[in-house]
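Trainee: I am sharing protein.pdb, which consists of PDB, C-alpha atoms:
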ATOM      1  CA  MET A   1      -1.705  12.567  -5.091  1.00  0.00           C
ATOM      2  CA  ILE A   2      -3.871   9.708  -6.331  1.00  0.00           C
ATOM      3  CA  ARG A   3      -3.449  10.764  -9.946  1.00  0.00           C
ATOM      4  CA  ALA A   4       0.314  11.085  -9.526  1.00  0.00           C
ATOM      5  CA  TYR A   5       0.578   7.635  -7.987  1.00  0.00           C
ATOM      6  CA  ALA A   6      -1.550   6.170 -10.790  1.00  0.00           C
ATOM      7  CA  TYR A   7       0.865   7.614 -13.346  1.00  0.00           C
ATOM      8  CA  LEU A   8       3.844   6.358 -11.336  1.00  0.00           C
ATOM      9  CA  SER A   9       2.416   2.851 -11.077  1.00  0.00           C
ATOM     10  CA  LYS A  10       1.752   2.761 -14.822  1.00  0.00           C
ATOM     11  CA  LYS A  11       5.127   4.188 -15.806  1.00  0.00           C
ATOM     12  CA  TYR A  12       7.235   2.325 -13.222  1.00  0.00           C
ATOM     13  CA  PRO A  13       5.487  -0.929 -12.284  1.00  0.00           C
ATOM     14  CA  LEU A  14       8.556  -2.215 -10.423  1.00  0.00           C
ATOM     15  CA  ILE A  15       8.416   0.695  -7.963  1.00  0.00           C
ATOM     16  CA  HIS A  16       4.723   0.021  -7.467  1.00  0.00           C
ATOM     17  CA  LYS A  17       5.420  -3.655  -6.739  1.00  0.00           C
ATOM     18  CA  VAL A  18       8.126  -2.714  -4.233  1.00  0.00           C
ATOM     19  CA  ASN A  19       5.687  -0.362  -2.492  1.00  0.00           C
ATOM     20  CA  ILE A  20       3.066  -3.094  -2.265  1.00  0.00           C
ATOM     21  CA  LEU A  21       5.665  -5.551  -0.984  1.00  0.00           C
ATOM     22  CA  PHE A  22       6.777  -3.044   1.660  1.00  0.00           C
ATOM     23  CA  VAL A  23       3.227  -2.465   2.891  1.00  0.00           C
ATOM     24  CA  PHE A  24       2.514  -6.196   2.862  1.00  0.00           C
ATOM     25  CA  SER A  25       5.663  -6.878   4.896  1.00  0.00           C
ATOM     26  CA  ILE A  26       4.555  -4.295   7.471  1.00  0.00           C
ATOM     27  CA  ILE A  27       1.202  -6.076   7.733  1.00  0.00           C
ATOM     28  CA  ILE A  28       2.888  -9.440   8.224  1.00  0.00           C
ATOM     29  CA  LEU A  29       5.421  -8.128  10.743  1.00  0.00           C
ATOM     30  CA  CYS A  30       2.874  -6.221  12.826  1.00  0.00           C
ATOM     31  CA  THR A  31       0.431  -9.111  12.825  1.00  0.00           C
ATOM     32  CA  TYR A  32       3.131 -11.526  13.915  1.00  0.00           C
ATOM     33  CA  GLN A  33       4.380  -9.213  16.664  1.00  0.00           C
ATOM     34  CA  LEU A  34       0.826  -8.551  17.837  1.00  0.00           C
ATOM     35  CA  LEU A  35       0.028 -12.249  18.077  1.00  0.00           C
ATOM     36  CA  GLU A  36       3.385 -13.268  19.542  1.00  0.00           C
ATOM     37  CA  ASN A  37       3.855 -10.504  22.117  1.00  0.00           C
ATOM     38  CA  SER A  38       0.225  -9.537  22.756  1.00  0.00           C
ATOM     39  CA  LYS A  39       1.119  -5.866  23.040  1.00  0.00           C
ATOM     40  CA  ILE A  40      -1.227  -3.234  21.672  1.00  0.00           C
ATOM     41  CA  GLU A  41       1.680  -1.072  20.436  1.00  0.00           C
ATOM     42  CA  TYR A  42       2.090  -3.332  17.421  1.00  0.00           C
ATOM     43  CA  SER A  43      -1.430  -2.608  16.248  1.00  0.00           C
ATOM     44  CA  LEU A  44      -0.263   0.906  15.381  1.00  0.00           C
ATOM     45  CA  GLY A  45       1.451  -0.519  12.297  1.00  0.00           C
ATOM     46  CA  LEU A  46      -1.842  -1.994  11.163  1.00  0.00           C
ATOM     47  CA  VAL A  47      -3.509   1.390  11.494  1.00  0.00           C
ATOM     48  CA  LEU A  48      -0.700   3.196   9.652  1.00  0.00           C
ATOM     49  CA  ILE A  49      -1.075   1.048   6.537  1.00  0.00           C
ATOM     50  CA  LEU A  50      -4.633   2.210   5.971  1.00  0.00           C
ATOM     51  CA  PHE A  51      -3.435   5.343   4.171  1.00  0.00           C
ATOM     52  CA  PRO A  52      -1.234   3.498   1.623  1.00  0.00           C
ATOM     53  CA  LEU A  53      -3.996   0.954   1.026  1.00  0.00           C
ATOM     54  CA  PHE A  54      -6.425   3.795   0.336  1.00  0.00           C
ATOM     55  CA  ILE A  55      -3.951   5.340  -2.132  1.00  0.00           C
ATOM     56  CA  PHE A  56      -3.408   1.981  -3.879  1.00  0.00           C
ATOM     57  CA  ALA A  57      -7.145   1.408  -4.236  1.00  0.00           C
ATOM     58  CA  LYS A  58      -7.988   4.873  -5.529  1.00  0.00           C
ATOM     59  CA  ALA A  59      -5.004   4.905  -7.901  1.00  0.00           C
ATOM     60  CA  SER A  60      -6.084   1.552  -9.300  1.00  0.00           C
ATOM     61  CA  THR A  61      -9.583   2.888  -9.935  1.00  0.00           C
ATOM     62  CA  TYR A  62      -8.197   6.040 -11.559  1.00  0.00           C
ATOM     63  CA  LYS A  63      -5.801   4.005 -13.682  1.00  0.00           C
ATOM     64  CA  SER A  64      -8.527   1.696 -14.953  1.00  0.00           C
ATOM     65  CA  LYS A  65     -10.894   4.578 -15.753  1.00  0.00           C
ATOM     66  CA  TYR A  66      -8.607   7.195 -17.274  1.00  0.00           C
ATOM     67  CA  LEU A  67      -5.345   5.534 -18.273  1.00  0.00           C
ATOM     68  CA  GLY A  68      -6.784   2.534 -20.065  1.00  0.00           C
ATOM     69  CA  ASP A  69      -5.079  -0.040 -17.870  1.00  0.00           C
ATOM     70  CA  LYS A  70      -6.766  -3.419 -17.951  1.00  0.00           C
TER      71      LYS A  70
END
How does the structure come out when it is put into C-alpha cells?

Mentor:
Amino acid sequence: MIRAYAYLSKKYPLIHKVNILFVFSIIILCTYQLLENSKIEYSLGLVLILFPLFIFAKASTYKSKYLGDK
C-alpha cells in the first residue's frame, strides 16, 4: 500500500495534495470542535488521521529512496 501510494503521489501530485488537504481539514475541524464543545467524541477524528499520516510519511520515505524524488 505504501509503494502504491508513493507511485500515485509521484504520478498524480494534485490527488496527493487533495488528500493532504482533506486530512488537514479533518485535523482543523476536530480540533476546533474539541476546543469549542469540550466533548471527547471529537477526539476520535484526531485518532483516525494517524493512519493516513503514517501512509504519507512512509510513502515520502519510499519515494525519496527508490523513485528519485527530491

Trainee: Mind pulling up the distance from atom CA of Leu48 of chain A to atom CA of Cys30 of chain A?

Mentor: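 If I compute the distance from atom CA of Cys30 of chain A to atom CA of Leu48 of chain A, I get 10.6 Å.
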
Trainee: Compile the contact shell of segment 51-63 of chain A as a PyMOL selection string: residues with an atom at most 10 Å away, counting all atoms listed in the file, same-chain residues fewer than 3 positions apart removed.

Mentor: chain A and resi 1-10+16+19-20+23-24+47-48+66-70

Trainee: Between atom CA of Leu29 of chain A and atom CA of Ile15 of chain A, measure the distance and give it in Å to one decimal.

Mentor: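 Between atom CA of Leu29 of chain A and atom CA of Ile15 of chain A the gap works out to 20.9 Å.
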
Trainee: As an exercise, work out the distance from atom CA of Glu41 of chain A to atom CA of Ile27 of chain A in Å and give it to one decimal place.

Mentor: 13.7 Å

Trainee: With all atoms listed in the file as the atoms that count, which of A:Lys17, A:Ile26, A:Tyr32, A:Lys65 lies nearest to Leu46 of chain A?

Mentor: A:Ile26

Trainee: Take every atom of segment 38-49 of chain A listed in the file, pad by 6 Å on each side, and give me the axis-aligned box centre and edge lengths in Å, one decimal, as JSON.

Mentor:
{"center_x": -0.7, "center_y": -3.2, "center_z": 14.8, "size_x": 17.6, "size_y": 24.7, "size_z": 28.5}
